[in-house]
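For reference, input_30.cif is printed below; it contains mmCIF, C-alpha atoms and all ligand atoms.
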```cif
data_work
loop_
_atom_site.group_PDB
_atom_site.id
_atom_site.type_symbol
_atom_site.label_atom_id
_atom_site.label_comp_id
_atom_site.auth_asym_id
_atom_site.auth_seq_id
_atom_site.Cartn_x
_atom_site.Cartn_y
_atom_site.Cartn_z
ATOM 1 C CA MET A 458 0.877 3.174 -5.744
ATOM 2 C CA ARG A 459 1.139 1.838 -2.198
ATOM 3 C CA TYR A 460 3.925 0.046 -0.386
ATOM 4 C CA ASN A 461 3.472 -1.551 3.016
ATOM 5 C CA PHE A 462 6.266 -2.657 5.285
ATOM 6 C CA THR A 463 6.978 -3.125 8.974
ATOM 7 C CA HIS A 464 9.435 -0.928 10.839
ATOM 8 C CA GLU A 465 11.397 -2.198 13.853
ATOM 9 C CA ASP A 466 11.150 1.029 15.874
ATOM 10 C CA LEU A 467 7.363 1.120 15.869
ATOM 11 C CA GLU A 468 5.341 0.675 19.053
ATOM 12 C CA HIS A 469 2.447 -1.800 18.982
ATOM 13 C CA CYS A 470 -1.121 -0.625 18.557
ATOM 14 C CA PRO A 471 -2.229 1.060 21.833
ATOM 15 C CA PHE A 472 -5.770 -0.295 21.429
ATOM 16 C CA CYS A 473 -5.331 -3.984 20.506
ATOM 17 C CA GLY A 474 -1.581 -4.558 21.058
ATOM 18 C CA ASP A 475 -1.064 -5.898 17.541
ATOM 19 C CA ASP A 476 1.809 -5.078 15.191
ATOM 20 C CA THR A 477 1.784 -1.926 13.131
ATOM 21 C CA TYR A 478 3.022 -1.177 9.645
ATOM 22 C CA VAL A 479 4.111 1.759 7.552
ATOM 23 C CA GLU A 480 2.271 2.625 4.373
ATOM 24 C CA VAL A 481 3.828 4.795 1.694
ATOM 25 C CA GLU A 482 1.516 6.350 -0.816
ATOM 26 C CA LYS A 483 2.539 8.247 -3.903
ATOM 27 C CA LYS A 484 0.395 11.376 -4.036
ATOM 28 C CA ILE A 485 0.234 13.436 -7.213
ATOM 29 C CA VAL A 486 0.622 17.071 -6.193
ATOM 30 C CA GLN A 487 0.288 18.557 -9.656
ATOM 31 C CA THR A 488 0.270 17.705 -13.356
ATOM 32 C CA VAL A 489 2.683 19.798 -15.387
ATOM 33 C CA ASP A 490 1.650 20.929 -18.861
ATOM 34 C CA ILE A 491 4.589 19.214 -20.617
ATOM 35 C CA GLN A 492 4.190 15.961 -22.567
ATOM 36 C CA ASN A 493 6.899 13.299 -22.454
ATOM 37 C CA CYS A 494 7.786 11.024 -25.402
ATOM 38 C CA TYR A 495 4.894 8.686 -24.532
ATOM 39 C CA GLY A 496 2.364 11.517 -24.850
ATOM 40 C CA GLU A 497 1.802 11.563 -21.103
ATOM 41 C CA TYR A 498 1.777 14.729 -19.070
ATOM 42 C CA ARG A 499 4.515 15.005 -16.518
ATOM 43 C CA GLN A 500 3.372 14.659 -12.930
ATOM 44 C CA GLU A 501 4.946 16.005 -9.802
ATOM 45 C CA TRP A 502 4.425 13.748 -6.808
ATOM 46 C CA GLU A 503 5.342 13.428 -3.167
ATOM 47 C CA ALA A 504 5.419 10.421 -0.874
ATOM 48 C CA ARG A 505 2.970 10.386 2.022
ATOM 49 C CA TRP A 506 3.856 8.223 5.014
ATOM 50 C CA ASN A 507 1.355 6.682 7.384
ATOM 51 C CA VAL A 508 1.569 4.222 10.241
ATOM 52 C CA GLN A 509 -1.387 2.026 11.029
ATOM 53 C CA CYS A 510 -2.533 -1.093 12.889
ATOM 54 C CA THR A 511 -2.228 -4.468 11.070
ATOM 55 C CA ASN A 512 -5.177 -6.064 12.843
ATOM 56 C CA PRO A 513 -8.304 -6.011 10.620
ATOM 57 C CA TYR A 514 -10.486 -6.663 13.706
ATOM 58 C CA CYS A 515 -9.030 -3.800 15.738
ATOM 59 C CA GLY A 516 -11.921 -1.726 17.109
ATOM 60 C CA VAL A 517 -10.149 1.585 16.570
ATOM 61 C CA HIS A 518 -7.721 0.849 13.695
ATOM 62 C CA PRO A 519 -5.699 3.993 14.347
ATOM 63 C CA LYS A 520 -3.764 5.675 11.557
ATOM 64 C CA THR A 521 -1.463 8.681 11.570
ATOM 65 C CA LYS A 522 -2.200 11.648 9.347
ATOM 66 C CA ASP A 523 -0.218 11.974 6.114
ATOM 67 C CA CYS A 524 3.430 12.655 6.965
ATOM 68 C CA THR A 525 6.101 13.848 4.567
ATOM 69 C CA SER A 526 8.822 11.526 5.876
ATOM 70 C CA LEU A 527 9.201 8.100 7.470
ATOM 71 C CA SER A 528 10.858 9.451 10.623
ATOM 72 C CA GLU A 529 8.040 11.956 11.129
ATOM 73 C CA ALA A 530 5.400 9.202 10.830
ATOM 74 C CA VAL A 531 7.268 6.887 13.229
ATOM 75 C CA GLU A 532 7.755 9.691 15.781
ATOM 76 C CA LEU A 533 4.112 10.745 15.583
ATOM 77 C CA TRP A 534 2.926 7.170 16.060
ATOM 78 C CA ASN A 535 5.222 6.367 18.979
ATOM 79 C CA LYS A 536 4.195 9.596 20.751
ATOM 80 C CA ARG A 537 0.584 8.475 20.598
ATOM 81 C CA ALA A 538 1.074 4.763 21.294
HETATM 82 ZN ZN ZN B 1 -5.093 -2.073 16.739
#
```
Could you take the file, read its structure, and then write that structure out as structure tokens?
Ligand SMILES: [Zn+2]
Amino acid sequence: MRYNFTHEDLEHCPFCGDDTYVEVEKKIVQTVDIQNCYGEYRQEWEARWNVQCTNPYCGVHPKTKDCTSLSEAVELWNKRA
């Protein structure tokens, strides 16, 4: 599951100057051996935050590495931009 949104504190892309956006991805970290009432196994998951360039024609299309929080991803991006 992915959610994309823009964040007002983000610097523009250092390579093309375009806007950037935050992507949140739900990463399954493990499947627990317990079934719920729907017969599905319970899954433990964590959100992974990334900032990347919105421009599909950007030559570099930079992206931060998976961060565990929004503030960490924003800080990492702005340090590099
Ligand atoms: Zn760019």
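Going from atom CA of A:Asn461 over to atom CA of A:Ile485, you cover 18.4 Å.
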Which of these, A:Lys536, A:Lys520, A:Arg499, A:Arg505, has the shortest distance to A:Tyr478 once you count only C-alpha atoms?
A:Lys520
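For the file at hand, the PyMOL selection byres (((chain A and resi 488) around 12) and not hetatm) resolves to Lys484, Ile485, Val486, Gln487, Val489, Asp490, Ile491, Gln492, Glu497, Tyr498, Arg499, Gln500, Glu501 and Trp502 of chain A.
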Return as a PDB file with C-alpha atoms, in the frame of the given file the set of residues that the PyMOL selection byres (((not hetatm)) within 9 of (chain B and resi 1)) yields on the displayed structure.
```pdb
ATOM      1  CA  HIS A 469       2.447  -1.800  18.982  1.00  0.00           C
ATOM      2  CA  CYS A 470      -1.121  -0.625  18.557  1.00  0.00           C
ATOM      3  CA  PRO A 471      -2.229   1.060  21.833  1.00  0.00           C
ATOM      4  CA  PHE A 472      -5.770  -0.295  21.429  1.00  0.00           C
ATOM      5  CA  CYS A 473      -5.331  -3.984  20.506  1.00  0.00           C
ATOM      6  CA  GLY A 474      -1.581  -4.558  21.058  1.00  0.00           C
ATOM      7  CA  ASP A 475      -1.064  -5.898  17.541  1.00  0.00           C
ATOM      8  CA  ASP A 476       1.809  -5.078  15.191  1.00  0.00           C
ATOM      9  CA  THR A 477       1.784  -1.926  13.131  1.00  0.00           C
ATOM     10  CA  GLN A 509      -1.387   2.026  11.029  1.00  0.00           C
ATOM     11  CA  CYS A 510      -2.533  -1.093  12.889  1.00  0.00           C
ATOM     12  CA  THR A 511      -2.228  -4.468  11.070  1.00  0.00           C
ATOM     13  CA  ASN A 512      -5.177  -6.064  12.843  1.00  0.00           C
ATOM     14  CA  PRO A 513      -8.304  -6.011  10.620  1.00  0.00           C
ATOM     15  CA  TYR A 514     -10.486  -6.663  13.706  1.00  0.00           C
ATOM     16  CA  CYS A 515      -9.030  -3.800  15.738  1.00  0.00           C
ATOM     17  CA  GLY A 516     -11.921  -1.726  17.109  1.00  0.00           C
ATOM     18  CA  VAL A 517     -10.149   1.585  16.570  1.00  0.00           C
ATOM     19  CA  HIS A 518      -7.721   0.849  13.695  1.00  0.00           C
ATOM     20  CA  PRO A 519      -5.699   3.993  14.347  1.00  0.00           C
TER      21      PRO A 519
END
```
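Residues matched by the PyMOL selection byres (((chain A and resi 463) around 6) and not hetatm) in this file: Phe462, His464, Tyr478 and Val479 of chain A.
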Can you pull out every residue within 8 Å of A:Asp523, counting all atoms listed in the file, but drop anything in the same chain fewer than 6 positions away, and send it as a ChimeraX atom specification?
/A:505-507,530
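One finds atom CA of A:Leu527 at 11.2 Å from atom CA of A:Asp466.
Residues in contact range of A:Glu532, defined as at most 10 Å between all atoms listed in the file, with sequence neighbours fewer than 6 positions away removed, read Asp466, Leu467, Glu468, Val508 and Ala538 of chain A.
Remark: for A:Lys483, the closest of the candidate residues A:Tyr495, A:Glu529, A:Glu503, A:Trp534 is A:Glu503 (distances computed over all atoms listed in the file).
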Within 8 Å of (8.4, 16.2, 3.5), in the coordinates the file gives, what residues turn up when you count all atoms listed in the file, written out as a JSON list (two decimals) with C-alpha atoms, keeping the file's coordinate frame?
```json
[["chain", "number", "residue", "atom", "x", "y", "z"],
["A", 503, "GLU", "CA", 5.34, 13.43, -3.17],
["A", 504, "ALA", "CA", 5.42, 10.42, -0.87],
["A", 524, "CYS", "CA", 3.43, 12.66, 6.96],
["A", 525, "THR", "CA", 6.10, 13.85, 4.57],
["A", 526, "SER", "CA", 8.82, 11.53, 5.88]]
```
A:Tyr460 surroundings by all atoms listed in the file, 7 Å radius, close-in-sequence under 2 positions cut, as an NGL selection string
:A and (458 or 462 or 480-482)
Enclosing box along x, y and z for every listed atom of stretch 514-518 of chain A, padded 3 Å each side, centre and size in Å, one decimal, as AutoDock Vina command-line options:
```
--center_x -9.8 --center_y -2.5 --center_z 15.4 --size_x 10.2 --size_y 14.2 --size_z 9.4
```
